[in-house]
$ cat upload36.pdb   # PDB, C-alpha atoms, pLDDT in the B column
MODEL        1
ATOM      1  CA  MET F 180      97.191 113.913  99.937  1.00 38.00           C
ATOM      2  CA  SER F 181     100.555 115.542  99.619  1.00 39.00           C
ATOM      3  CA  SER F 182     101.901 117.849 102.230  1.00 37.00           C
ATOM      4  CA  SER F 183     104.374 120.632 101.624  1.00 34.00           C
ATOM      5  CA  LYS F 184     107.143 118.205 102.601  1.00 37.00           C
ATOM      6  CA  GLY F 185     106.289 115.907  99.716  1.00 40.00           C
ATOM      7  CA  SER F 186     104.705 113.122 101.765  1.00 42.00           C
ATOM      8  CA  THR F 187     102.486 110.875  99.709  1.00 48.00           C
ATOM      9  CA  GLY F 188     100.328 109.683 102.599  1.00 50.00           C
ATOM     10  CA  HIS F 189     101.522 106.073 102.571  1.00 48.00           C
ATOM     11  CA  GLY F 190      99.469 105.039 105.573  1.00 47.00           C
ATOM     12  CA  SER F 191      96.203 105.572 103.719  1.00 48.00           C
ATOM     13  CA  HIS F 192      97.043 103.230 100.847  1.00 59.00           C
ATOM     14  CA  SER F 193      96.811  99.477 100.786  1.00 92.00           C
ATOM     15  CA  ILE F 194      98.297  97.065  98.300  1.00 96.00           C
ATOM     16  CA  ARG F 195      94.772  95.911  97.422  1.00 94.00           C
ATOM     17  CA  THR F 196      93.711  99.481  96.589  1.00 95.00           C
ATOM     18  CA  LEU F 197      96.782  99.974  94.418  1.00 96.00           C
ATOM     19  CA  LEU F 198      96.109  96.722  92.567  1.00 97.00           C
ATOM     20  CA  ALA F 199      92.515  97.857  91.972  1.00 95.00           C
ATOM     21  CA  LEU F 200      93.839 101.140  90.551  1.00 95.00           C
ATOM     22  CA  ILE F 201      96.179  99.256  88.237  1.00 97.00           C
ATOM     23  CA  ASP F 202      93.417  96.886  87.139  1.00 95.00           C
ATOM     24  CA  GLN F 203      91.128  99.809  86.372  1.00 95.00           C
ATOM     25  CA  SER F 204      93.763 101.485  84.222  1.00 97.00           C
ATOM     26  CA  TYR F 205      94.652  98.272  82.411  1.00 97.00           C
ATOM     27  CA  ASN F 206      91.717  95.909  82.017  1.00 95.00           C
ATOM     28  CA  THR F 207      88.736  96.473  84.348  1.00 90.00           C
ATOM     29  CA  ARG F 208      85.697  98.518  83.338  1.00 85.00           C
ATOM     30  CA  ALA F 209      85.999 102.070  84.649  1.00 83.00           C
ATOM     31  CA  TRP F 210      83.916 105.250  84.589  1.00 85.00           C
ATOM     32  CA  HIS F 211      86.657 107.245  82.843  1.00 85.00           C
ATOM     33  CA  GLY F 212      86.566 105.357  79.576  1.00 87.00           C
ATOM     34  CA  THR F 213      88.681 102.858  77.745  1.00 93.00           C
ATOM     35  CA  ASN F 214      91.641 101.373  79.582  1.00 96.00           C
ATOM     36  CA  LEU F 215      94.907 100.244  77.992  1.00 97.00           C
ATOM     37  CA  ARG F 216      93.899  96.643  77.250  1.00 97.00           C
ATOM     38  CA  GLY F 217      90.534  97.767  75.894  1.00 95.00           C
ATOM     39  CA  SER F 218      92.205 100.284  73.592  1.00 96.00           C
ATOM     40  CA  VAL F 219      94.005  97.514  71.666  1.00 97.00           C
ATOM     41  CA  ARG F 220      91.329  94.788  71.823  1.00 95.00           C
ATOM     42  CA  GLY F 221      90.437  93.616  68.318  1.00 93.00           C
ATOM     43  CA  LEU F 222      92.831  96.030  66.647  1.00 95.00           C
ATOM     44  CA  SER F 223      94.023  95.110  63.145  1.00 93.00           C
ATOM     45  CA  ILE F 224      97.716  94.988  62.354  1.00 94.00           C
ATOM     46  CA  SER F 225      97.285  97.747  59.740  1.00 92.00           C
ATOM     47  CA  LYS F 226      95.782 100.122  62.316  1.00 95.00           C
ATOM     48  CA  ALA F 227      98.354  99.094  64.946  1.00 96.00           C
ATOM     49  CA  ALA F 228     101.233  99.810  62.532  1.00 96.00           C
ATOM     50  CA  TRP F 229      99.857 103.084  61.089  1.00 96.00           C
ATOM     51  CA  ARG F 230     101.960 106.191  61.828  1.00 95.00           C
ATOM     52  CA  PRO F 231     100.439 109.660  62.118  1.00 95.00           C
ATOM     53  CA  ALA F 232     103.636 111.117  60.622  1.00 96.00           C
ATOM     54  CA  PRO F 233     107.181 109.970  59.848  1.00 94.00           C
ATOM     55  CA  ASN F 234     109.235 109.281  62.983  1.00 93.00           C
ATOM     56  CA  ARG F 235     106.130 109.261  65.213  1.00 96.00           C
ATOM     57  CA  HIS F 236     105.201 106.231  67.271  1.00 97.00           C
ATOM     58  CA  ASN F 237     102.415 103.948  66.188  1.00 97.00           C
ATOM     59  CA  ILE F 238     100.017 102.010  68.408  1.00 98.00           C
ATOM     60  CA  TRP F 239     102.094  98.855  68.147  1.00 98.00           C
ATOM     61  CA  GLU F 240     105.188 100.641  69.460  1.00 98.00           C
ATOM     62  CA  ILE F 241     103.142 102.108  72.305  1.00 98.00           C
ATOM     63  CA  VAL F 242     101.965  98.602  73.260  1.00 98.00           C
ATOM     64  CA  VAL F 243     105.535  97.300  73.472  1.00 98.00           C
ATOM     65  CA  HIS F 244     106.644 100.473  75.285  1.00 98.00           C
ATOM     66  CA  CYS F 245     103.943  99.861  77.908  1.00 98.00           C
ATOM     67  CA  ALA F 246     105.047  96.230  78.282  1.00 98.00           C
ATOM     68  CA  TYR F 247     108.612  97.439  78.810  1.00 98.00           C
ATOM     69  CA  TRP F 248     107.624  99.863  81.579  1.00 98.00           C
ATOM     70  CA  LYS F 249     105.617  97.187  83.372  1.00 98.00           C
ATOM     71  CA  TYR F 250     108.805  95.126  83.293  1.00 97.00           C
ATOM     72  CA  ILE F 251     110.760  98.103  84.692  1.00 96.00           C
ATOM     73  CA  VAL F 252     108.274  98.543  87.545  1.00 97.00           C
ATOM     74  CA  ARG F 253     108.495  94.851  88.442  1.00 96.00           C
ATOM     75  CA  ARG F 254     112.274  94.922  88.206  1.00 95.00           C
ATOM     76  CA  ARG F 255     112.529  97.969  90.472  1.00 95.00           C
ATOM     77  CA  LEU F 256     110.091  96.625  93.046  1.00 96.00           C
ATOM     78  CA  LEU F 257     111.890  93.281  93.237  1.00 95.00           C
ATOM     79  CA  GLY F 258     115.424  94.679  92.955  1.00 93.00           C
ATOM     80  CA  GLU F 259     116.136  92.593  89.855  1.00 91.00           C
ATOM     81  CA  LYS F 260     119.069  93.213  87.559  1.00 86.00           C
ATOM     82  CA  LYS F 261     118.752  94.816  84.137  1.00 85.00           C
ATOM     83  CA  GLY F 262     118.637  92.739  81.007  1.00 82.00           C
ATOM     84  CA  SER F 263     115.773  90.291  81.436  1.00 86.00           C
ATOM     85  CA  PHE F 264     113.191  91.954  79.156  1.00 94.00           C
ATOM     86  CA  PRO F 265     112.378  89.492  76.343  1.00 94.00           C
ATOM     87  CA  LEU F 266     113.194  91.995  73.569  1.00 94.00           C
ATOM     88  CA  LYS F 267     116.579  93.509  72.847  1.00 94.00           C
ATOM     89  CA  GLY F 268     116.729  97.235  73.550  1.00 92.00           C
ATOM     90  CA  SER F 269     114.894  99.560  75.891  1.00 93.00           C
ATOM     91  CA  ASN F 270     111.931 101.933  76.125  1.00 96.00           C
ATOM     92  CA  TRP F 271     110.879 102.174  72.452  1.00 97.00           C
ATOM     93  CA  PHE F 272     110.992  99.261  70.009  1.00 97.00           C
ATOM     94  CA  ARG F 273     110.524  99.762  66.261  1.00 95.00           C
ATOM     95  CA  ARG F 274     107.417  98.032  64.948  1.00 95.00           C
ATOM     96  CA  ASP F 275     105.842  98.392  61.500  1.00 87.00           C
ATOM     97  CA  ALA F 276     103.702  96.663  58.907  1.00 78.00           C
ATOM     98  CA  THR F 277     106.642  94.569  57.652  1.00 88.00           C
ATOM     99  CA  LEU F 278     106.136  92.397  60.734  1.00 83.00           C
ATOM    100  CA  SER F 279     103.546  89.642  60.847  1.00 91.00           C
ATOM    101  CA  GLU F 280     100.102  89.340  62.394  1.00 92.00           C
ATOM    102  CA  GLN F 281     101.650  86.687  64.634  1.00 94.00           C
ATOM    103  CA  GLN F 282     104.260  89.197  65.853  1.00 95.00           C
ATOM    104  CA  TRP F 283     101.483  91.701  66.653  1.00 96.00           C
ATOM    105  CA  ARG F 284      99.612  89.040  68.660  1.00 96.00           C
ATOM    106  CA  SER F 285     102.871  88.073  70.348  1.00 97.00           C
ATOM    107  CA  ASP F 286     103.558  91.669  71.386  1.00 97.00           C
ATOM    108  CA  VAL F 287     100.023  92.059  72.782  1.00 98.00           C
ATOM    109  CA  ALA F 288     100.613  88.806  74.715  1.00 98.00           C
ATOM    110  CA  LEU F 289     103.913  90.278  75.958  1.00 98.00           C
ATOM    111  CA  LEU F 290     102.002  93.269  77.323  1.00 98.00           C
ATOM    112  CA  GLU F 291      99.626  90.903  79.105  1.00 98.00           C
ATOM    113  CA  SER F 292     102.473  88.806  80.499  1.00 98.00           C
ATOM    114  CA  MET F 293     104.415  91.825  81.758  1.00 98.00           C
ATOM    115  CA  HIS F 294     101.240  93.191  83.359  1.00 98.00           C
ATOM    116  CA  LYS F 295     100.611  89.928  85.209  1.00 98.00           C
ATOM    117  CA  SER F 296     104.193  89.607  86.456  1.00 97.00           C
ATOM    118  CA  MET F 297     104.162  93.242  87.602  1.00 98.00           C
ATOM    119  CA  CYS F 298     100.888  92.712  89.485  1.00 98.00           C
ATOM    120  CA  ASP F 299     102.317  89.581  91.110  1.00 97.00           C
ATOM    121  CA  ALA F 300     105.295  91.650  92.315  1.00 97.00           C
ATOM    122  CA  ILE F 301     103.000  94.342  93.715  1.00 97.00           C
ATOM    123  CA  ALA F 302     100.779  91.746  95.409  1.00 96.00           C
ATOM    124  CA  GLY F 303     103.874  90.451  97.196  1.00 96.00           C
ATOM    125  CA  LEU F 304     104.563  93.832  98.816  1.00 96.00           C
ATOM    126  CA  LYS F 305     103.507  94.937 102.277  1.00 95.00           C
ATOM    127  CA  SER F 306     102.126  98.416 102.936  1.00 94.00           C
ATOM    128  CA  SER F 307     105.321  99.093 104.863  1.00 95.00           C
ATOM    129  CA  ASP F 308     107.261  98.644 101.581  1.00 96.00           C
ATOM    130  CA  LEU F 309     105.492 101.583  99.912  1.00 96.00           C
ATOM    131  CA  PRO F 310     107.667 104.409 101.318  1.00 96.00           C
ATOM    132  CA  SER F 311     110.899 102.631 100.316  1.00 95.00           C
ATOM    133  CA  LYS F 312     112.852 103.868  97.320  1.00 95.00           C
ATOM    134  CA  PRO F 313     114.276 101.106  95.160  1.00 93.00           C
ATOM    135  CA  ARG F 314     117.994 101.363  94.508  1.00 87.00           C
ATOM    136  CA  GLY F 315     118.625 103.842  91.721  1.00 81.00           C
ATOM    137  CA  SER F 316     115.098 105.265  91.834  1.00 88.00           C
ATOM    138  CA  LYS F 317     114.288 108.906  92.525  1.00 93.00           C
ATOM    139  CA  VAL F 318     110.811 108.019  93.777  1.00 96.00           C
ATOM    140  CA  ASP F 319     109.361 105.543  96.259  1.00 97.00           C
ATOM    141  CA  ASN F 320     107.417 102.362  95.546  1.00 97.00           C
ATOM    142  CA  LEU F 321     104.063 104.076  96.003  1.00 97.00           C
ATOM    143  CA  ALA F 322     104.890 106.701  93.368  1.00 97.00           C
ATOM    144  CA  ILE F 323     106.146 103.991  91.008  1.00 97.00           C
ATOM    145  CA  ILE F 324     102.960 101.954  91.380  1.00 97.00           C
ATOM    146  CA  MET F 325     100.615 104.914  91.025  1.00 97.00           C
ATOM    147  CA  GLY F 326     102.715 106.135  88.118  1.00 97.00           C
ATOM    148  CA  ILE F 327     102.354 102.929  86.107  1.00 98.00           C
ATOM    149  CA  ALA F 328      98.556 103.216  86.386  1.00 97.00           C
ATOM    150  CA  SER F 329      98.780 106.783  85.070  1.00 97.00           C
ATOM    151  CA  HIS F 330     101.150 105.624  82.336  1.00 98.00           C
ATOM    152  CA  ASP F 331      98.615 103.043  81.162  1.00 98.00           C
ATOM    153  CA  LEU F 332      95.817 105.610  81.021  1.00 96.00           C
ATOM    154  CA  TYR F 333      97.967 108.195  79.255  1.00 97.00           C
ATOM    155  CA  HIS F 334      98.831 105.710  76.526  1.00 98.00           C
ATOM    156  CA  ALA F 335      95.261 104.330  76.361  1.00 97.00           C
ATOM    157  CA  GLY F 336      94.085 107.846  75.495  1.00 96.00           C
ATOM    158  CA  GLN F 337      96.873 108.249  72.982  1.00 97.00           C
ATOM    159  CA  ILE F 338      95.907 104.950  71.343  1.00 98.00           C
ATOM    160  CA  GLN F 339      92.242 105.953  71.195  1.00 97.00           C
ATOM    161  CA  LEU F 340      93.223 109.170  69.400  1.00 97.00           C
ATOM    162  CA  LEU F 341      95.522 107.343  66.959  1.00 97.00           C
ATOM    163  CA  LYS F 342      92.714 104.884  66.148  1.00 97.00           C
ATOM    164  CA  ARG F 343      90.422 107.775  65.249  1.00 96.00           C
ATOM    165  CA  LEU F 344      93.076 109.459  63.109  1.00 96.00           C
ATOM    166  CA  ALA F 345      94.055 106.298  61.220  1.00 93.00           C
ATOM    167  CA  PRO F 346      92.633 105.859  57.734  1.00 91.00           C
TER     168      PRO F 346
ENDMDL
END
$ encode --input "upload36.pdb" --output "structure tokens"
Amino acid sequence: MSSSKGSTGHGSHSIRTLLALIDQSYNTRAWHGTNLRGSVRGLSISKAAWRPAPNRHNIWEIVVHCAYWKYIVRRRLLGEKKGSFPLKGSNWFRRDATLSEQQWRSDVALLESMHKSMCDAIAGLKSSDLPSKPRGSKVDNLAIIMGIASHDLYHAGQIQLLKRLAP
């Protein structure tokens, strides 16, 4: 629904519709295939830590990366300060088979926790908040919210491919 001026048609979107989009990309059954949560359900630590090549990300790192970006979305929407993500660092976090099964489960729980807190932040918005650009952001709240749904699906597909390639 974009016009040549770059409008994203904010009036036609509701917070409820955006939350449904996010749920579909993360954990609700959808026609398009496996969502992000479904792509890691029941995954063994050995498959999660397997790398397709040296210096390439594994599934485990993708899971933590997705948790981090859910945190970023929440932080931007709420205007929170940097530095409250539970892990030290940003964007990509090294994970490998030297870590424990408990750490894998903890990181999957982190993804779940960051998803819930992000959804709570979105649920607290009004439709009139969607055209606003958070401080320091190049895009508005609507683009951020739609983008995180796309981000989940992109990485869900990547995880599905990595699972098929893993020995």
$ resolve_selection --input "upload36.pdb" --expression "the PyMOL selection byres ((chain F and resi 204) around 7)" --output "list in words"
Leu200, Ile201, Asp202, Gln203, Tyr205, Asn206, Asn214, Leu215, Ala328, Asp331 and Leu332 of chain F
$ residues_near_point --input "upload36.pdb" --point "(113.4, 89.2, 93.2)" --cutoff "12 Å" --atoms "all atoms listed in the file" --output "PyMOL selection string"
chain F and resi 253-261+296-297+299-301+303-304
$ write_last_selection --input "upload36.pdb" --atoms "C-alpha atoms" --output "short mmCIF file (atom, residue, chain, number, x, y, z; two decimals), keeping the file's coordinate frame"
data_model
loop_
_atom_site.label_atom_id
_atom_site.label_comp_id
_atom_site.auth_asym_id
_atom_site.auth_seq_id
_atom_site.Cartn_x
_atom_site.Cartn_y
_atom_site.Cartn_z
CA ARG F 253 108.50 94.85 88.44
CA ARG F 254 112.27 94.92 88.21
CA ARG F 255 112.53 97.97 90.47
CA LEU F 256 110.09 96.62 93.05
CA LEU F 257 111.89 93.28 93.24
CA GLY F 258 115.42 94.68 92.96
CA GLU F 259 116.14 92.59 89.86
CA LYS F 260 119.07 93.21 87.56
CA LYS F 261 118.75 94.82 84.14
CA SER F 296 104.19 89.61 86.46
CA MET F 297 104.16 93.24 87.60
CA ASP F 299 102.32 89.58 91.11
CA ALA F 300 105.30 91.65 92.32
CA ILE F 301 103.00 94.34 93.72
CA GLY F 303 103.87 90.45 97.20
CA LEU F 304 104.56 93.83 98.82
#
$ atom_distance --input "upload36.pdb" --atom1 "atom CA of Gly336 of chain F" --atom2 "atom CA of Ile238 of chain F"
10.9 Å
$ closest_atom_pairs --input "upload36.pdb" --of "segment 211-241 of chain F" --to "segment 269-284 of chain F" --cutoff "9 Å" --atoms "only C-alpha atoms" --output "Markdown table"
| residue | atom | partner | partner_atom | distance |
| --- | --- | --- | --- | --- |
| F:Ser223 | CA | F:Glu280 | CA | 8.4 |
| F:Ile224 | CA | F:Glu280 | CA | 6.1 |
| F:Ser225 | CA | F:Ala276 | CA | 6.6 |
| F:Ala227 | CA | F:Trp283 | CA | 8.2 |
| F:Ala228 | CA | F:Asp275 | CA | 4.9 |
| F:Trp229 | CA | F:Asp275 | CA | 7.6 |
| F:Arg230 | CA | F:Asp275 | CA | 8.7 |
| F:His236 | CA | F:Arg273 | CA | 8.4 |
| F:Asn237 | CA | F:Arg274 | CA | 7.8 |
| F:Trp239 | CA | F:Arg274 | CA | 6.3 |
| F:Glu240 | CA | F:Arg274 | CA | 5.7 |
| F:Ile241 | CA | F:Trp271 | CA | 7.7 |
$ closest_residue --input "upload36.pdb" --among "F:Leu222, F:Leu198, F:Cys245, F:Leu321" --to "Asp308 of chain F" --atoms "all atoms listed in the file"
F:Leu321
$ decode --input "upload36.pdb" --residues "segment 191-309 of chain F" --atoms "C-alpha atoms" --output "PDB file, in the first residue's frame"
ATOM      1  CA  SER F 191      -5.396   0.715   7.431  1.00  0.00           C
ATOM      2  CA  HIS F 192      -3.396  -1.089  10.112  1.00  0.00           C
ATOM      3  CA  SER F 193      -4.441  -1.866  13.640  1.00  0.00           C
ATOM      4  CA  ILE F 194      -2.301  -2.962  16.543  1.00  0.00           C
ATOM      5  CA  ARG F 195      -4.312  -6.196  16.710  1.00  0.00           C
ATOM      6  CA  THR F 196      -3.543  -6.972  13.054  1.00  0.00           C
ATOM      7  CA  LEU F 197       0.151  -6.307  13.605  1.00  0.00           C
ATOM      8  CA  LEU F 198       0.199  -8.576  16.656  1.00  0.00           C
ATOM      9  CA  ALA F 199      -1.489 -11.308  14.595  1.00  0.00           C
ATOM     10  CA  LEU F 200       1.208 -10.894  11.929  1.00  0.00           C
ATOM     11  CA  ILE F 201       3.926 -11.198  14.557  1.00  0.00           C
ATOM     12  CA  ASP F 202       2.274 -14.245  16.120  1.00  0.00           C
ATOM     13  CA  GLN F 203       2.021 -15.923  12.730  1.00  0.00           C
ATOM     14  CA  SER F 204       5.704 -15.363  12.024  1.00  0.00           C
ATOM     15  CA  TYR F 205       6.771 -16.518  15.477  1.00  0.00           C
ATOM     16  CA  ASN F 206       4.511 -19.186  16.934  1.00  0.00           C
ATOM     17  CA  THR F 207       1.027 -19.515  15.386  1.00  0.00           C
ATOM     18  CA  ARG F 208       0.227 -22.018  12.640  1.00  0.00           C
ATOM     19  CA  ALA F 209       0.388 -20.341   9.236  1.00  0.00           C
ATOM     20  CA  TRP F 210      -0.164 -21.338   5.609  1.00  0.00           C
ATOM     21  CA  HIS F 211       3.385 -20.372   4.600  1.00  0.00           C
ATOM     22  CA  GLY F 212       5.157 -23.029   6.610  1.00  0.00           C
ATOM     23  CA  THR F 213       7.231 -23.241   9.729  1.00  0.00           C
ATOM     24  CA  ASN F 214       7.535 -20.124  11.858  1.00  0.00           C
ATOM     25  CA  LEU F 215      10.545 -19.161  13.974  1.00  0.00           C
ATOM     26  CA  ARG F 216       9.502 -20.932  17.185  1.00  0.00           C
ATOM     27  CA  GLY F 217       8.501 -24.044  15.254  1.00  0.00           C
ATOM     28  CA  SER F 218      11.859 -24.129  13.481  1.00  0.00           C
ATOM     29  CA  VAL F 219      13.723 -24.668  16.776  1.00  0.00           C
ATOM     30  CA  ARG F 220      11.157 -26.823  18.615  1.00  0.00           C
ATOM     31  CA  GLY F 221      12.742 -30.095  19.730  1.00  0.00           C
ATOM     32  CA  LEU F 222      16.110 -29.250  18.217  1.00  0.00           C
ATOM     33  CA  SER F 223      19.141 -31.040  19.682  1.00  0.00           C
ATOM     34  CA  ILE F 224      22.122 -29.063  20.900  1.00  0.00           C
ATOM     35  CA  SER F 225      24.364 -30.786  18.322  1.00  0.00           C
ATOM     36  CA  LYS F 226      22.141 -29.644  15.444  1.00  0.00           C
ATOM     37  CA  ALA F 227      21.742 -26.165  16.970  1.00  0.00           C
ATOM     38  CA  ALA F 228      25.534 -25.770  17.270  1.00  0.00           C
ATOM     39  CA  TRP F 229      26.450 -27.240  13.851  1.00  0.00           C
ATOM     40  CA  ARG F 230      28.100 -24.790  11.423  1.00  0.00           C
ATOM     41  CA  PRO F 231      27.747 -25.108   7.653  1.00  0.00           C
ATOM     42  CA  ALA F 232      31.289 -23.731   7.271  1.00  0.00           C
ATOM     43  CA  PRO F 233      33.905 -22.002   9.426  1.00  0.00           C
ATOM     44  CA  ASN F 234      32.890 -18.473  10.446  1.00  0.00           C
ATOM     45  CA  ARG F 235      29.249 -19.048   9.429  1.00  0.00           C
ATOM     46  CA  HIS F 236      26.429 -18.700  11.918  1.00  0.00           C
ATOM     47  CA  ASN F 237      24.772 -21.739  13.389  1.00  0.00           C
ATOM     48  CA  ILE F 238      21.132 -22.126  14.408  1.00  0.00           C
ATOM     49  CA  TRP F 239      21.912 -21.356  18.032  1.00  0.00           C
ATOM     50  CA  GLU F 240      23.488 -18.016  17.107  1.00  0.00           C
ATOM     51  CA  ILE F 241      20.488 -17.198  14.924  1.00  0.00           C
ATOM     52  CA  VAL F 242      18.161 -17.872  17.877  1.00  0.00           C
ATOM     53  CA  VAL F 243      20.061 -15.453  20.119  1.00  0.00           C
ATOM     54  CA  HIS F 244      20.310 -12.922  17.270  1.00  0.00           C
ATOM     55  CA  CYS F 245      16.514 -13.031  16.905  1.00  0.00           C
ATOM     56  CA  ALA F 246      16.081 -12.557  20.664  1.00  0.00           C
ATOM     57  CA  TYR F 247      18.380  -9.535  20.481  1.00  0.00           C
ATOM     58  CA  TRP F 248      16.375  -7.893  17.686  1.00  0.00           C
ATOM     59  CA  LYS F 249      13.112  -8.424  19.551  1.00  0.00           C
ATOM     60  CA  TYR F 250      14.774  -6.589  22.431  1.00  0.00           C
ATOM     61  CA  ILE F 251      15.828  -3.795  20.038  1.00  0.00           C
ATOM     62  CA  VAL F 252      12.275  -3.433  18.713  1.00  0.00           C
ATOM     63  CA  ARG F 253      10.872  -3.210  22.243  1.00  0.00           C
ATOM     64  CA  ARG F 254      13.567  -0.752  23.262  1.00  0.00           C
ATOM     65  CA  ARG F 255      12.898   1.489  20.260  1.00  0.00           C
ATOM     66  CA  LEU F 256       9.130   1.416  20.674  1.00  0.00           C
ATOM     67  CA  LEU F 257       9.360   2.284  24.368  1.00  0.00           C
ATOM     68  CA  GLY F 258      12.255   4.742  24.052  1.00  0.00           C
ATOM     69  CA  GLU F 259      14.393   2.726  26.467  1.00  0.00           C
ATOM     70  CA  LYS F 260      18.115   3.228  26.867  1.00  0.00           C
ATOM     71  CA  LYS F 261      20.713   0.837  25.484  1.00  0.00           C
ATOM     72  CA  GLY F 262      22.326  -1.770  27.659  1.00  0.00           C
ATOM     73  CA  SER F 263      19.511  -3.821  29.160  1.00  0.00           C
ATOM     74  CA  PHE F 264      19.815  -6.962  26.999  1.00  0.00           C
ATOM     75  CA  PRO F 265      20.645  -9.887  29.321  1.00  0.00           C
ATOM     76  CA  LEU F 266      23.764 -10.898  27.354  1.00  0.00           C
ATOM     77  CA  LYS F 267      26.898  -8.837  26.915  1.00  0.00           C
ATOM     78  CA  GLY F 268      27.430  -7.668  23.345  1.00  0.00           C
ATOM     79  CA  SER F 269      25.139  -6.928  20.436  1.00  0.00           C
ATOM     80  CA  ASN F 270      23.595  -8.450  17.310  1.00  0.00           C
ATOM     81  CA  TRP F 271      25.544 -11.734  17.041  1.00  0.00           C
ATOM     82  CA  PHE F 272      26.616 -13.826  20.031  1.00  0.00           C
ATOM     83  CA  ARG F 273      29.070 -16.719  19.684  1.00  0.00           C
ATOM     84  CA  ARG F 274      27.500 -20.059  20.552  1.00  0.00           C
ATOM     85  CA  ASP F 275      28.972 -23.528  20.005  1.00  0.00           C
ATOM     86  CA  ALA F 276      28.946 -27.102  21.236  1.00  0.00           C
ATOM     87  CA  THR F 277      31.264 -26.275  24.159  1.00  0.00           C
ATOM     88  CA  LEU F 278      28.216 -24.780  25.876  1.00  0.00           C
ATOM     89  CA  SER F 279      25.730 -26.912  27.769  1.00  0.00           C
ATOM     90  CA  GLU F 280      22.276 -28.247  26.974  1.00  0.00           C
ATOM     91  CA  GLN F 281      21.067 -26.001  29.792  1.00  0.00           C
ATOM     92  CA  GLN F 282      22.567 -22.951  28.045  1.00  0.00           C
ATOM     93  CA  TRP F 283      20.780 -23.925  24.807  1.00  0.00           C
ATOM     94  CA  ARG F 284      17.461 -24.207  26.681  1.00  0.00           C
ATOM     95  CA  SER F 285      18.197 -20.909  28.409  1.00  0.00           C
ATOM     96  CA  ASP F 286      18.817 -19.153  25.091  1.00  0.00           C
ATOM     97  CA  VAL F 287      15.580 -20.552  23.619  1.00  0.00           C
ATOM     98  CA  ALA F 288      13.801 -19.275  26.761  1.00  0.00           C
ATOM     99  CA  LEU F 289      15.485 -15.892  26.200  1.00  0.00           C
ATOM    100  CA  LEU F 290      13.997 -15.792  22.702  1.00  0.00           C
ATOM    101  CA  GLU F 291      10.574 -16.538  24.166  1.00  0.00           C
ATOM    102  CA  SER F 292      10.963 -13.905  26.879  1.00  0.00           C
ATOM    103  CA  MET F 293      12.117 -11.212  24.453  1.00  0.00           C
ATOM    104  CA  HIS F 294       9.218 -12.069  22.135  1.00  0.00           C
ATOM    105  CA  LYS F 295       6.686 -11.696  24.947  1.00  0.00           C
ATOM    106  CA  SER F 296       8.108  -8.387  26.181  1.00  0.00           C
ATOM    107  CA  MET F 297       8.184  -7.045  22.615  1.00  0.00           C
ATOM    108  CA  CYS F 298       4.549  -8.060  22.061  1.00  0.00           C
ATOM    109  CA  ASP F 299       3.575  -6.402  25.347  1.00  0.00           C
ATOM    110  CA  ALA F 300       5.220  -3.176  24.125  1.00  0.00           C
ATOM    111  CA  ILE F 301       3.378  -3.363  20.803  1.00  0.00           C
ATOM    112  CA  ALA F 302       0.063  -4.099  22.537  1.00  0.00           C
ATOM    113  CA  GLY F 303       0.539  -0.895  24.526  1.00  0.00           C
ATOM    114  CA  LEU F 304       0.696   1.241  21.373  1.00  0.00           C
ATOM    115  CA  LYS F 305      -2.170   3.123  19.774  1.00  0.00           C
ATOM    116  CA  SER F 306      -2.687   3.165  16.008  1.00  0.00           C
ATOM    117  CA  SER F 307      -1.753   6.838  16.130  1.00  0.00           C
ATOM    118  CA  ASP F 308       1.737   5.794  17.339  1.00  0.00           C
ATOM    119  CA  LEU F 309       2.469   3.841  14.145  1.00  0.00           C
TER     120      LEU F 309
END
